[in-house]
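Written below as structure tokens is the structure these notes are about.
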Amino acid sequence: MSKQLIVIGGGAAGIFCAVNAARMSPGLRVTVLEKSGKLLGKVKVSGGGRCNVTHACFEIAAMAGRYPRGQHFVRKAFHRWFTTDTIEWFRQRGVELKKEEDGRMFPVTDTSQTIIDCLMREVNAYGVEIRMQAEVKRIEMVGGGDGAIGGGGDVDAAERFRIGLADGRVLPADFVCIACGGYPKSGMFDWVRALGHSIEEPVPSLFTFNMPGDPIVGLMGVSMPRVQVKVAGTKLVEKGPVLITHWGLSGPAVLRLSAWGARELAERAYSFGIQVNWIDMPEQEARDVMQDQRQERAGQAVVNRNPFGVAQRLWEYWLGVAGIGAGVRWADLPAREQNKLVTLLCAGSFAVRGKTTFKEEFVTAGGVRLAEVDSASMQSRKVAGLFFAGEILDVDGVTGGFNFQHAWTSGWVAAASVAAACGGAAACGGVAEKGG
């Protein structure tokens with residue numbers, strides 16, 4: 001009888017694992033269990049509906065450095081499946097990716113549906129069974145499923161697992177890949193703990209900063225291309241685009257900061273101060289620029305001559321806060337008001353009181369402890385035949401395509417390992433086998 005792989009989770013990691021396992025091992029029966037009524041939900045909404053497939057970073061060490069948790073783990077896994085492999089995999093299936101200025105990579109069609117359609121064509125081509133509204137409540141080991149193993153150990157066993165669903169059904173499996181994404185609450189991992197695995201406590205990652213009551217939120221929609229944001233009293237600092245929203249600050253710099261500070265900011269109950277350098281310039285340099293303006297634009301109104309490239313609405317806002325009227329010329333700018341403006345631009349202080357996460361794109365720090373999983377195979381070191389892929393692991397990247405690259409990598413590695421275990425792939429990791 002053919003062997004059965006059950007993949008738990010119909011997201012990027014789960015579907016990628018399923019289609020590649022079915023392709024590499026033609027005799028393997030592959031079933032995906034998705035607890036909701038839709039597949040590839042994060043793929044659909046990511047990147048504003050364009051799907052940020054990966055990041056144009058082609059050095060493994062540099063790529064691994066963009067994961068606040070799991071750097072060592074992904075570095076090893078990237079030697080088996082990396083950015084270049086992801087790009088080529090989609091290219092071979094008629095999907096070209098393009099690089100944007102900030103390194104993010106999207107399909108040239110600028111729609112996530114292109115990625116979804118590609119993956120679903122693979123689902124149909126290789127006979128992967130999809131079961132929706134199939135929530136897993138427990139996994140039981142029934143035939144040699146327990147026992148610690150090293151990387152690539154013998155995982156051949158008849159009906160190793162029984163998977164219990166919320167509706168009472170029980171499904172048998174020889175291999176299981178858990179790719180259900182992260183959970184916001186620790187108790188939601190209990191069915192994984194029951195398999196003997198430890199869980200690093202989950203906390204949100206990739207969230208925006210709420211600044212209730214701060215008048216700057218009246219400028220919602222204003223963005224700046226290069227801003228430095230620092231969490232007061234910490235070493236946490238990031239540079240990049242920032243967007244003012246109706247609740248506070250967002251944008252890549254803020255999201256990256258939230259990822260690196262996920263645990264520390266959670267410990268502070270999301271109540272902390274930040275310093276914002278809106279022009280990414282030292283205060284003395286800003287003063288020198290203003291001094292030049294006094295000489296070169298002496299007779300012109302400060303409001304009309306903005307030497308820092310600040311968005312006009314934001315420039316006018318800071319002039320008002322600094323007490324600089326609309327008719328003040330550069331030659332007449334008082335030293336006190338100038339100093340206040342420099343401070344506002346280069347070291348503005350804000351109080352953050354809370355966070356905003358986006359339900360469909362929710363990312364967590366935390367998950368299955370990485371020491372208990374072999375990064376070369378994604379196989380559990382505690383349970384033979386059990387694999388993990390995607391955000392269920394204690395791996396999370398900053399914004400920019402890094403979390404999707406981890407999904408593709410871990411999904412493919414798990415698939416190749418299952419295929420090798422049941423004789424479907426002669427040389428896992430070979431170039432031909434990767435691309436095919």
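Letters A, B, ... go to the chains of the structure tokens in the order shown; residues in each chain start at 1; ligands are counted from 1 in the same order.
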10 Å contact set for segment 132-140 of chain A, only C-alpha atoms, chain neighbours under 3 positions out, as a VMD selection string: chain A and resid 8 to 10 32 to 39 129 143 145 to 146 160 to 173 176 180 190 to 192 194 to 195
Contact residues around Pro26 of chain A with only C-alpha atoms at 9 Å, ignoring same-chain residues under 3 positions, as a list in words: Ala21, Ala22, Arg23, Arg29, Tyr126, Ala419 and Gly424 of chain A
Write the residues of the preceding selection, restricted to N, CA and C atoms, as a CSV table (one decimal), in the first residue's frame.
chain,number,residue,atom,x,y,z
A,21,ALA,N,6.2,17.3,-2.0
A,21,ALA,CA,6.3,15.8,-1.6
A,21,ALA,C,5.6,15.0,-2.6
A,22,ALA,N,4.4,15.4,-3.1
A,22,ALA,CA,3.7,14.6,-4.1
A,22,ALA,C,4.4,14.5,-5.4
A,23,ARG,N,5.1,15.6,-5.8
A,23,ARG,CA,5.9,15.6,-7.0
A,23,ARG,C,7.1,14.7,-6.9
A,29,ARG,N,0.6,9.3,-1.1
A,29,ARG,CA,-0.7,10.0,-1.0
A,29,ARG,C,-0.5,11.2,0.0
A,126,TYR,N,-0.6,17.1,-9.1
A,126,TYR,CA,0.0,15.9,-8.4
A,126,TYR,C,-1.0,15.3,-7.5
A,419,ALA,N,9.9,12.4,1.1
A,419,ALA,CA,10.1,11.7,-0.2
A,419,ALA,C,11.3,10.8,-0.1
A,424,GLY,N,11.1,8.0,-2.7
A,424,GLY,CA,10.6,8.8,-3.9
A,424,GLY,C,11.7,9.8,-4.4
With 10 Å as the cut-off and only C-alpha atoms counted, what is the closest atom pair between each nearby residue of segment 341-389 of chain A and segment 240-257 of chain A? Distances in Å to one decimal, ordered by chain and number, as a tab-separated table.
residue	atom	partner	partner_atom	distance
A:Phe350	CA	A:Gly248	CA	9.6
A:Ala351	CA	A:Gly248	CA	9.8
A:Val352	CA	A:Gly248	CA	8.1
A:Arg353	CA	A:Gly248	CA	9.5
A:Gly354	CA	A:Gly248	CA	9.7
A:Lys355	CA	A:Gly248	CA	9.0
A:Thr356	CA	A:Trp247	CA	8.4
Nearest-residue call for Thr84 of chain A, choices A:Gln295, A:Thr109, A:Gln405, A:Ser410, using only C-alpha atoms: A:Gln405
Quick one: contact table of segment 154-261 of chain A to segment 51-69 of chain A, 9 Å max, nearest atom pair and distance in Å to one decimal per residue, counting only C-alpha atoms, chain and number order, as JSON lines?
{"residue": "A:Ala259", "atom": "CA", "partner": "A:Pro68", "partner_atom": "CA", "distance": 6.7}
{"residue": "A:Trp260", "atom": "CA", "partner": "A:Pro68", "partner_atom": "CA", "distance": 5.4}
{"residue": "A:Gly261", "atom": "CA", "partner": "A:Pro68", "partner_atom": "CA", "distance": 8.6}
Residue contacts of Arg305 of chain A (12 Å, only C-alpha atoms) excluding same-chain residues fewer than 6 positions away, as a list in words: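 My reading of the contact set: Val289, Met290, Asp292, Gln293, Arg294, Glu296, Arg297, Ala298, Gly299, Ala311, Gln312, Trp315, Glu316, Leu319, Ala326, Gly327, Val328, Arg329 and Trp330 of chain A.
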Neighbour list for Phe175 of chain A as a PyMOL selection string, cut-off 8 Å, only C-alpha atoms, skip fewer than 5 positions in-chain: chain A and resi 4-6+160-161+385-387+418
Between atom CA of Phe82 of chain A and atom CA of Thr114 of chain A, distance in Å (one decimal): 20.9 Å
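The nearest approach to Thr409 of chain A among the residues A:Val19, A:Ala77, A:Leu28, A:Met105, with only C-alpha atoms taken into account, belongs to A:Ala77.
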Distance in Å - atom CA of Ser205 of chain A versus atom CA of Gly47 of chain A: 16.4 Å
DSSP strand (DSSP E or B) residues within segment 163-363 of chain A, as a ChimeraX atom specification: /A:163-165,170-173,175-178,199-205,208-210,223-231,237-244,248-250,271-277,301,329,348-353,355-356,363
Save out the residues we just selected, C-alpha atoms, as a PDB file, in the first residue's frame.
ATOM      1  CA  ILE A 163      -4.978  12.281  13.642  1.00  0.00           C
ATOM      2  CA  GLY A 164      -8.146  13.220  15.488  1.00  0.00           C
ATOM      3  CA  LEU A 165     -10.287  15.981  14.019  1.00  0.00           C
ATOM      4  CA  VAL A 170      -9.695   9.908  12.834  1.00  0.00           C
ATOM      5  CA  LEU A 171      -7.240   9.788   9.930  1.00  0.00           C
ATOM      6  CA  PRO A 172      -4.221   7.452   9.682  1.00  0.00           C
ATOM      7  CA  ALA A 173      -0.839   8.681   8.441  1.00  0.00           C
ATOM      8  CA  PHE A 175       4.118  10.964   8.009  1.00  0.00           C
ATOM      9  CA  VAL A 176       2.790  14.205   9.433  1.00  0.00           C
ATOM     10  CA  CYS A 177       3.959  17.738   8.697  1.00  0.00           C
ATOM     11  CA  ILE A 178       2.613  20.388  11.044  1.00  0.00           C
ATOM     12  CA  ILE A 199       6.974  25.588  23.074  1.00  0.00           C
ATOM     13  CA  GLU A 200       8.627  28.980  23.260  1.00  0.00           C
ATOM     14  CA  GLU A 201       5.919  31.309  24.546  1.00  0.00           C
ATOM     15  CA  PRO A 202       4.232  33.227  21.702  1.00  0.00           C
ATOM     16  CA  VAL A 203       4.232  37.014  21.536  1.00  0.00           C
ATOM     17  CA  PRO A 204       3.211  39.227  18.592  1.00  0.00           C
ATOM     18  CA  SER A 205       5.825  40.281  16.058  1.00  0.00           C
ATOM     19  CA  THR A 208       2.500  48.998  14.556  1.00  0.00           C
ATOM     20  CA  PHE A 209       2.825  51.515  17.395  1.00  0.00           C
ATOM     21  CA  ASN A 210      -0.274  53.113  18.869  1.00  0.00           C
ATOM     22  CA  SER A 223       4.998  59.097   4.935  1.00  0.00           C
ATOM     23  CA  MET A 224       8.743  59.660   5.047  1.00  0.00           C
ATOM     24  CA  PRO A 225      11.225  57.492   3.097  1.00  0.00           C
ATOM     25  CA  ARG A 226      14.064  57.293   5.625  1.00  0.00           C
ATOM     26  CA  VAL A 227      13.412  57.763   9.321  1.00  0.00           C
ATOM     27  CA  GLN A 228      15.298  56.503  12.360  1.00  0.00           C
ATOM     28  CA  VAL A 229      13.142  55.147  15.187  1.00  0.00           C
ATOM     29  CA  LYS A 230      14.651  54.196  18.555  1.00  0.00           C
ATOM     30  CA  VAL A 231      12.987  52.676  21.600  1.00  0.00           C
ATOM     31  CA  VAL A 237      16.811  51.115  16.631  1.00  0.00           C
ATOM     32  CA  GLU A 238      15.794  50.836  12.976  1.00  0.00           C
ATOM     33  CA  LYS A 239      15.873  53.011   9.876  1.00  0.00           C
ATOM     34  CA  GLY A 240      13.529  53.025   6.922  1.00  0.00           C
ATOM     35  CA  PRO A 241      10.172  54.289   5.658  1.00  0.00           C
ATOM     36  CA  VAL A 242       7.624  55.397   8.256  1.00  0.00           C
ATOM     37  CA  LEU A 243       3.913  56.021   7.769  1.00  0.00           C
ATOM     38  CA  ILE A 244       1.725  58.109  10.059  1.00  0.00           C
ATOM     39  CA  GLY A 248       0.162  56.110  15.450  1.00  0.00           C
ATOM     40  CA  LEU A 249       3.188  55.022  13.436  1.00  0.00           C
ATOM     41  CA  SER A 250       3.602  52.194  10.946  1.00  0.00           C
ATOM     42  CA  SER A 271       4.023  50.941  26.932  1.00  0.00           C
ATOM     43  CA  PHE A 272       7.299  52.692  26.112  1.00  0.00           C
ATOM     44  CA  GLY A 273       8.841  55.834  24.684  1.00  0.00           C
ATOM     45  CA  ILE A 274      10.361  56.265  21.254  1.00  0.00           C
ATOM     46  CA  GLN A 275      12.661  58.847  19.717  1.00  0.00           C
ATOM     47  CA  VAL A 276      12.113  59.635  16.045  1.00  0.00           C
ATOM     48  CA  ASN A 277      14.661  61.282  13.765  1.00  0.00           C
ATOM     49  CA  ALA A 301       9.563  82.210   4.278  1.00  0.00           C
ATOM     50  CA  ARG A 329      11.675  84.383   7.007  1.00  0.00           C
ATOM     51  CA  GLY A 348      11.113  63.868  18.558  1.00  0.00           C
ATOM     52  CA  SER A 349       9.747  62.044  21.606  1.00  0.00           C
ATOM     53  CA  PHE A 350       6.513  60.050  21.545  1.00  0.00           C
ATOM     54  CA  ALA A 351       4.701  57.825  24.010  1.00  0.00           C
ATOM     55  CA  VAL A 352       3.595  54.457  22.644  1.00  0.00           C
ATOM     56  CA  ARG A 353       0.637  52.921  24.439  1.00  0.00           C
ATOM     57  CA  LYS A 355       0.021  48.040  19.377  1.00  0.00           C
ATOM     58  CA  THR A 356      -2.000  47.140  16.313  1.00  0.00           C
ATOM     59  CA  VAL A 363       3.074  36.930  12.820  1.00  0.00           C
TER      60      VAL A 363
END
Pick from A:Gly218, A:Ile116, A:Val373, A:Phe16, whichever lies nearest to Tyr317 of chain A using only C-alpha atoms: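 Using only C-alpha atoms, Tyr317 of chain A sits closest to A:Gly218.
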Straight-line distance linking atom CA of Leu265 of chain A with atom CA of Ile216 of chain A, stated in Å to one decimal: 22.2 Å
Residue with smallest distance to Ser198 of chain A - pool A:Asp85, A:Asp396, A:Glu122, A:Glu372, counting only C-alpha atoms: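 Of A:Asp85, A:Asp396, A:Glu122, A:Glu372, the one nearest Ser198 of chain A is A:Glu372, counting only C-alpha atoms.
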